[in-house]
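Asker: Sharing coords-v5.cif (mmCIF, C-alpha atoms) below.
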data_upload
#
loop_
_atom_site.label_atom_id
_atom_site.label_comp_id
_atom_site.auth_asym_id
_atom_site.auth_seq_id
_atom_site.Cartn_x
_atom_site.Cartn_y
_atom_site.Cartn_z
CA MET E 1 3.08 -2.87 30.83
CA PHE E 2 -0.61 -2.45 30.05
CA ARG E 3 -1.01 0.09 32.87
CA ARG E 4 1.89 2.15 31.55
CA VAL E 5 0.48 2.17 28.03
CA ALA E 6 -3.04 2.95 29.31
CA ARG E 7 -1.89 5.92 31.43
CA PRO E 8 -1.92 8.52 28.57
CA PHE E 9 -5.57 7.58 27.87
CA GLU E 10 -6.48 8.90 31.33
CA SER E 11 -5.73 12.47 30.26
CA PRO E 12 -8.33 15.26 30.67
CA GLU E 13 -8.85 15.43 26.89
CA LEU E 14 -10.23 11.86 26.98
CA GLU E 15 -12.28 12.10 30.17
CA ALA E 16 -15.50 11.62 28.16
CA LEU E 17 -14.40 8.04 27.40
CA ASP E 18 -15.41 5.30 29.79
CA LYS E 19 -12.85 2.89 31.25
CA ASP E 20 -13.56 0.16 28.66
CA SER E 21 -13.04 2.60 25.76
CA ARG E 22 -9.70 3.69 27.20
CA SER E 23 -8.65 0.07 27.76
CA ILE E 24 -9.52 -0.86 24.19
CA ARG E 25 -7.43 2.02 22.87
CA ALA E 26 -4.48 0.91 25.01
CA LEU E 27 -4.85 -2.64 23.69
CA VAL E 28 -4.94 -1.40 20.08
CA LEU E 29 -1.79 0.63 20.70
CA LEU E 30 -0.01 -2.33 22.29
CA GLU E 31 -1.01 -4.55 19.36
CA GLN E 32 0.32 -2.01 16.85
CA LEU E 33 3.57 -1.69 18.75
CA TYR E 34 3.91 -5.47 18.85
CA TRP E 35 3.32 -5.84 15.09
CA ALA E 36 5.23 -2.70 14.04
CA SER E 37 8.35 -4.74 13.27
CA ALA E 38 6.29 -6.71 10.72
CA TRP E 39 4.54 -3.84 8.90
CA LEU E 40 6.79 -0.81 9.39
CA GLY E 41 9.35 -2.07 6.87
CA ASP E 42 6.74 -1.78 4.10
CA TYR E 43 6.88 2.02 4.33
CA ASP E 44 9.45 4.57 3.24
CA LEU E 45 11.05 6.76 5.90
CA ASP E 46 9.31 9.81 4.44
CA ASP E 47 5.97 8.10 5.23
CA TYR E 48 6.73 7.84 8.97
CA PRO E 49 5.34 11.25 10.03
CA ARG E 50 2.05 10.43 8.28
CA LEU E 51 2.02 6.96 9.86
CA ILE E 52 2.56 8.41 13.33
CA ALA E 53 -0.31 10.82 12.81
CA ARG E 54 -2.61 8.12 11.42
CA VAL E 55 -1.86 5.55 14.15
CA THR E 56 -2.44 8.29 16.73
CA ASP E 57 -5.78 9.14 15.08
CA ILE E 58 -6.85 5.50 14.99
CA VAL E 59 -5.88 4.84 18.59
CA SER E 60 -7.55 8.00 19.91
CA ASP E 61 -10.57 8.34 17.56
CA GLY E 62 -11.01 4.99 15.82
CA LEU E 63 -10.95 4.43 12.06
CA ALA E 64 -13.35 7.29 11.33
CA PRO E 65 -14.74 10.09 13.42
CA PRO E 66 -18.35 9.57 14.55
CA GLY E 67 -20.93 10.42 11.89
CA VAL E 68 -18.50 10.36 8.97
CA ARG E 69 -19.46 8.25 5.96
CA PHE E 70 -16.93 6.65 3.62
CA GLU E 71 -17.24 8.36 0.24
CA PRO E 72 -14.33 7.41 -2.01
CA ALA E 73 -12.83 10.04 -4.28
CA GLN E 74 -11.98 9.39 -7.91
CA LEU E 75 -8.33 8.98 -8.86
CA ALA E 76 -7.21 10.40 -12.19
CA LEU E 77 -5.08 7.86 -14.05
CA LYS E 78 -2.14 8.95 -16.18
CA ALA E 79 -2.24 8.80 -19.97
CA PRO E 80 -1.08 5.58 -21.67
CA ALA E 81 2.54 5.33 -22.83
CA GLN E 82 3.48 5.77 -26.50
CA GLY E 83 6.13 4.31 -28.82
CA ALA E 84 9.12 2.58 -27.19
CA GLU E 85 7.65 3.29 -23.77
CA GLN E 86 4.49 1.44 -24.86
CA ALA E 87 6.53 -1.65 -25.81
CA LYS E 88 8.24 -1.60 -22.41
CA GLU E 89 4.87 -1.13 -20.68
CA ASN E 90 3.38 -4.04 -22.66
CA PHE E 91 6.14 -6.36 -21.45
CA LEU E 92 5.72 -5.17 -17.86
CA LEU E 93 1.95 -5.75 -17.98
CA ALA E 94 2.30 -9.16 -19.62
CA ALA E 95 5.00 -10.28 -17.19
CA THR E 96 2.99 -9.04 -14.21
CA ARG E 97 -0.07 -10.97 -15.40
CA GLU E 98 1.92 -14.13 -15.99
CA ILE E 99 3.68 -13.91 -12.62
CA ASN E 100 0.35 -13.36 -10.86
CA LYS E 101 -1.19 -16.28 -12.72
CA HIS E 102 1.66 -18.82 -12.74
CA GLY E 103 4.20 -17.60 -10.17
CA TYR E 104 7.82 -16.66 -10.88
CA ARG E 105 8.90 -20.07 -12.19
CA GLY E 106 5.75 -20.54 -14.27
CA ALA E 107 6.03 -17.12 -15.90
CA SER E 108 8.51 -18.23 -18.52
CA VAL E 109 9.98 -16.06 -21.26
CA ASP E 110 7.98 -18.19 -23.73
CA ARG E 111 4.71 -17.55 -21.88
CA ILE E 112 5.34 -13.81 -21.54
CA SER E 113 6.25 -13.52 -25.23
CA ALA E 114 3.30 -15.66 -26.35
CA SER E 115 0.86 -13.53 -24.36
CA LEU E 116 2.01 -10.57 -26.49
CA ASN E 117 2.01 -12.63 -29.74
CA LEU E 118 5.77 -12.14 -29.98
CA THR E 119 8.73 -14.48 -30.33
CA LYS E 120 11.29 -15.30 -27.68
CA GLY E 121 13.76 -13.30 -29.77
CA ALA E 122 11.52 -10.23 -29.53
CA PHE E 123 11.52 -10.64 -25.75
CA TYR E 124 15.33 -10.52 -25.66
CA HIS E 125 15.37 -7.61 -28.08
CA HIS E 126 13.48 -5.53 -25.49
CA ASN E 127 14.74 -7.17 -22.26
CA GLU E 128 18.15 -8.40 -21.14
CA ALA E 129 16.84 -11.15 -18.87
CA LYS E 130 13.69 -12.39 -17.20
CA ASP E 131 15.00 -11.41 -13.73
CA ASP E 132 15.48 -7.80 -14.85
CA LEU E 133 11.91 -7.72 -16.18
CA VAL E 134 10.53 -9.23 -12.96
CA ALA E 135 12.36 -6.63 -10.87
CA ALA E 136 10.99 -3.89 -13.14
CA CYS E 137 7.47 -5.33 -12.67
CA PHE E 138 7.78 -5.02 -8.91
CA ARG E 139 9.19 -1.49 -9.15
CA ARG E 140 6.34 -0.51 -11.50
CA SER E 141 3.65 -2.03 -9.26
CA PHE E 142 5.01 -0.39 -6.11
CA GLY E 143 5.40 2.90 -7.99
CA ILE E 144 1.75 2.81 -9.10
CA ILE E 145 0.60 2.10 -5.53
CA ARG E 146 2.76 4.88 -4.06
CA GLN E 147 1.61 7.36 -6.70
CA ALA E 148 -2.05 6.52 -6.03
CA GLN E 149 -1.49 6.94 -2.29
CA ARG E 150 0.17 10.33 -2.78
CA GLU E 151 -2.60 11.57 -5.10
CA VAL E 152 -5.36 10.44 -2.76
CA ARG E 153 -3.71 12.07 0.26
CA GLY E 154 -4.09 15.45 -1.41
CA GLN E 155 -7.72 14.98 -2.44
CA GLY E 156 -9.57 14.68 0.82
CA PRO E 157 -9.70 16.34 4.20
CA ASN E 158 -8.37 13.22 5.95
CA GLU E 159 -7.12 9.65 5.48
CA TRP E 160 -10.66 8.26 5.68
CA THR E 161 -11.39 9.70 2.23
CA GLY E 162 -10.30 7.00 -0.18
CA TRP E 163 -10.46 6.43 -3.91
CA SER E 164 -12.12 4.05 -6.26
CA PRO E 165 -11.26 3.16 -9.85
CA ARG E 166 -13.57 4.66 -12.48
#
What is this file in structure tokens?
Answerer:
Amino acid sequence: MFRRVARPFESPELEALDKDSRSIRALVLLEQLYWASAWLGDYDLDDYPRLIARVTDIVSDGLAPPGVRFEPAQLALKAPAQGAEQAKENFLLAATREINKHGYRGASVDRISASLNLTKGAFYHHNEAKDDLVAACFRRSFGIIRQAQREVRGQGPNEWTGWSPR
């Protein structure tokens, strides 16, 4: 199997690489193929073309081309919510903090409400149930991550250019 996977690395375009460099690339590719079932499900189907290109880049050129320094770009954050949206955002932030700190079971409605200096009744005024709020927290967190990834992709010449919070 290794020989079959290593064969494309013997192409004329890669003749400058020594045998060890080609073997390492074949091993990296095999490892990614082996683990693909574990990490591929974390991506949306519309991300697959970018993933194919990036895995190809990593296998053929490494994480960064020679001589390139990592210089993270700045990511512009969106403006804070207002009014009713702000109340919803406050609950999402509080619930996310409590879940991260105490886990799902420990992040009780009482704790979430208390962290906002609100009553349990206020919680149920804004939320139907804890499970709905938890699901919304996950959707919000994943949405923020996806939005940041999309914005960063358009800022630099390649995937090596990252971002850093201000």
Asker: Since I can't run it myself right now, could you work out what the PyMOL selection byres ((chain E and resi 60) around 10) selects here and report it as a PyMOL selection string?
Answerer: chain E and resi 9+14+21-22+25-26+28-29+54-59+61-63+65
Asker: Restricting it to C-alpha atoms, dump the selection as a CSV table (one decimal), in the frame of the given file.
Answerer:
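Produced file result24.csv, reproduced below:
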chain,number,residue,atom,x,y,z
E,9,PHE,CA,-5.6,7.6,27.9
E,14,LEU,CA,-10.2,11.9,27.0
E,21,SER,CA,-13.0,2.6,25.8
E,22,ARG,CA,-9.7,3.7,27.2
E,25,ARG,CA,-7.4,2.0,22.9
E,26,ALA,CA,-4.5,0.9,25.0
E,28,VAL,CA,-4.9,-1.4,20.1
E,29,LEU,CA,-1.8,0.6,20.7
E,54,ARG,CA,-2.6,8.1,11.4
E,55,VAL,CA,-1.9,5.6,14.2
E,56,THR,CA,-2.4,8.3,16.7
E,57,ASP,CA,-5.8,9.1,15.1
E,58,ILE,CA,-6.8,5.5,15.0
E,59,VAL,CA,-5.9,4.8,18.6
E,61,ASP,CA,-10.6,8.3,17.6
E,62,GLY,CA,-11.0,5.0,15.8
E,63,LEU,CA,-11.0,4.4,12.1
E,65,PRO,CA,-14.7,10.1,13.4
Asker: One number please: CA of Gly103 (chain E) to CA of Ala136 (chain E), in Å, one decimal.
Answerer: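 A separation of 15.6 Å between them.
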Asker: Do you know which residues the PyMOL selection byres ((chain E and resi 30) around 12) returns on this file, as JSON, numbers by chain?
Answerer: {"E": [1, 2, 3, 4, 5, 6, 23, 24, 25, 26, 27, 28, 29, 31, 32, 33, 34, 35, 36, 55, 59]}
Asker: Need the shell around Leu133 (chain E): protein/DNA/RNA residues with any atom at most 8 Å away, counting only C-alpha atoms. Skip same-chain ones fewer than 6 positions apart. Format as an MDAnalysis selection string?
Answerer: chainID E and resid 91:92 95 127
Asker: Just need the box for region 25-41 of chain E, edges along x, y and z, holding every atom the file lists for it with 6 Å tacked onto each side, so centre and edge lengths in Å to one decimal, as lines of an AutoDock Vina configuration file.
Answerer:
center_x = 1.0
center_y = -2.3
center_z = 15.9
size_x = 28.8
size_y = 20.7
size_z = 30.1
Asker: What does the structure give for the distance between CA of Tyr124 (chain E) and CA of Arg111 (chain E), in Å to one decimal?
Answerer: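 Separation of CA of Tyr124 (chain E) and CA of Arg111 (chain E): 13.3 Å.
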Asker: Counting only C-alpha atoms, figure out which residue out of E:Val152, E:Ile52, E:Val68, E:Cys137 gets nearest to Glu89 (chain E).
Answerer: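 Using only C-alpha atoms, the shortest distance to Glu89 (chain E) belongs to E:Cys137.
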Asker: Suppose you want the space between CA of Lys120 (chain E) and CA of Gly106 (chain E); what is it in Å?
Answerer: 15.4 Å
Asker: Need the shell around Asn100 (chain E): protein/DNA/RNA residues with any atom at most 12 Å away, counting all atoms listed in the file. Skip same-chain ones fewer than 6 positions apart. Format as a ChimeraX atom specification?
Answerer: /E:93-94,106-107,112,134,137-138,141
Asker: Of the candidates E:Gln149, E:Asn117, E:Gln82, E:Thr96, which one gets nearest to Lys130 (chain E) if we count only C-alpha atoms?
Answerer: E:Thr96
Asker: Pick the closest to Ser113 (chain E) from E:Asn90, E:Glu151, E:Leu45, E:Lys101: which is it, counting all atoms listed in the file?
Answerer: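 For Ser113 (chain E), the nearest of the given residues is E:Asn90.
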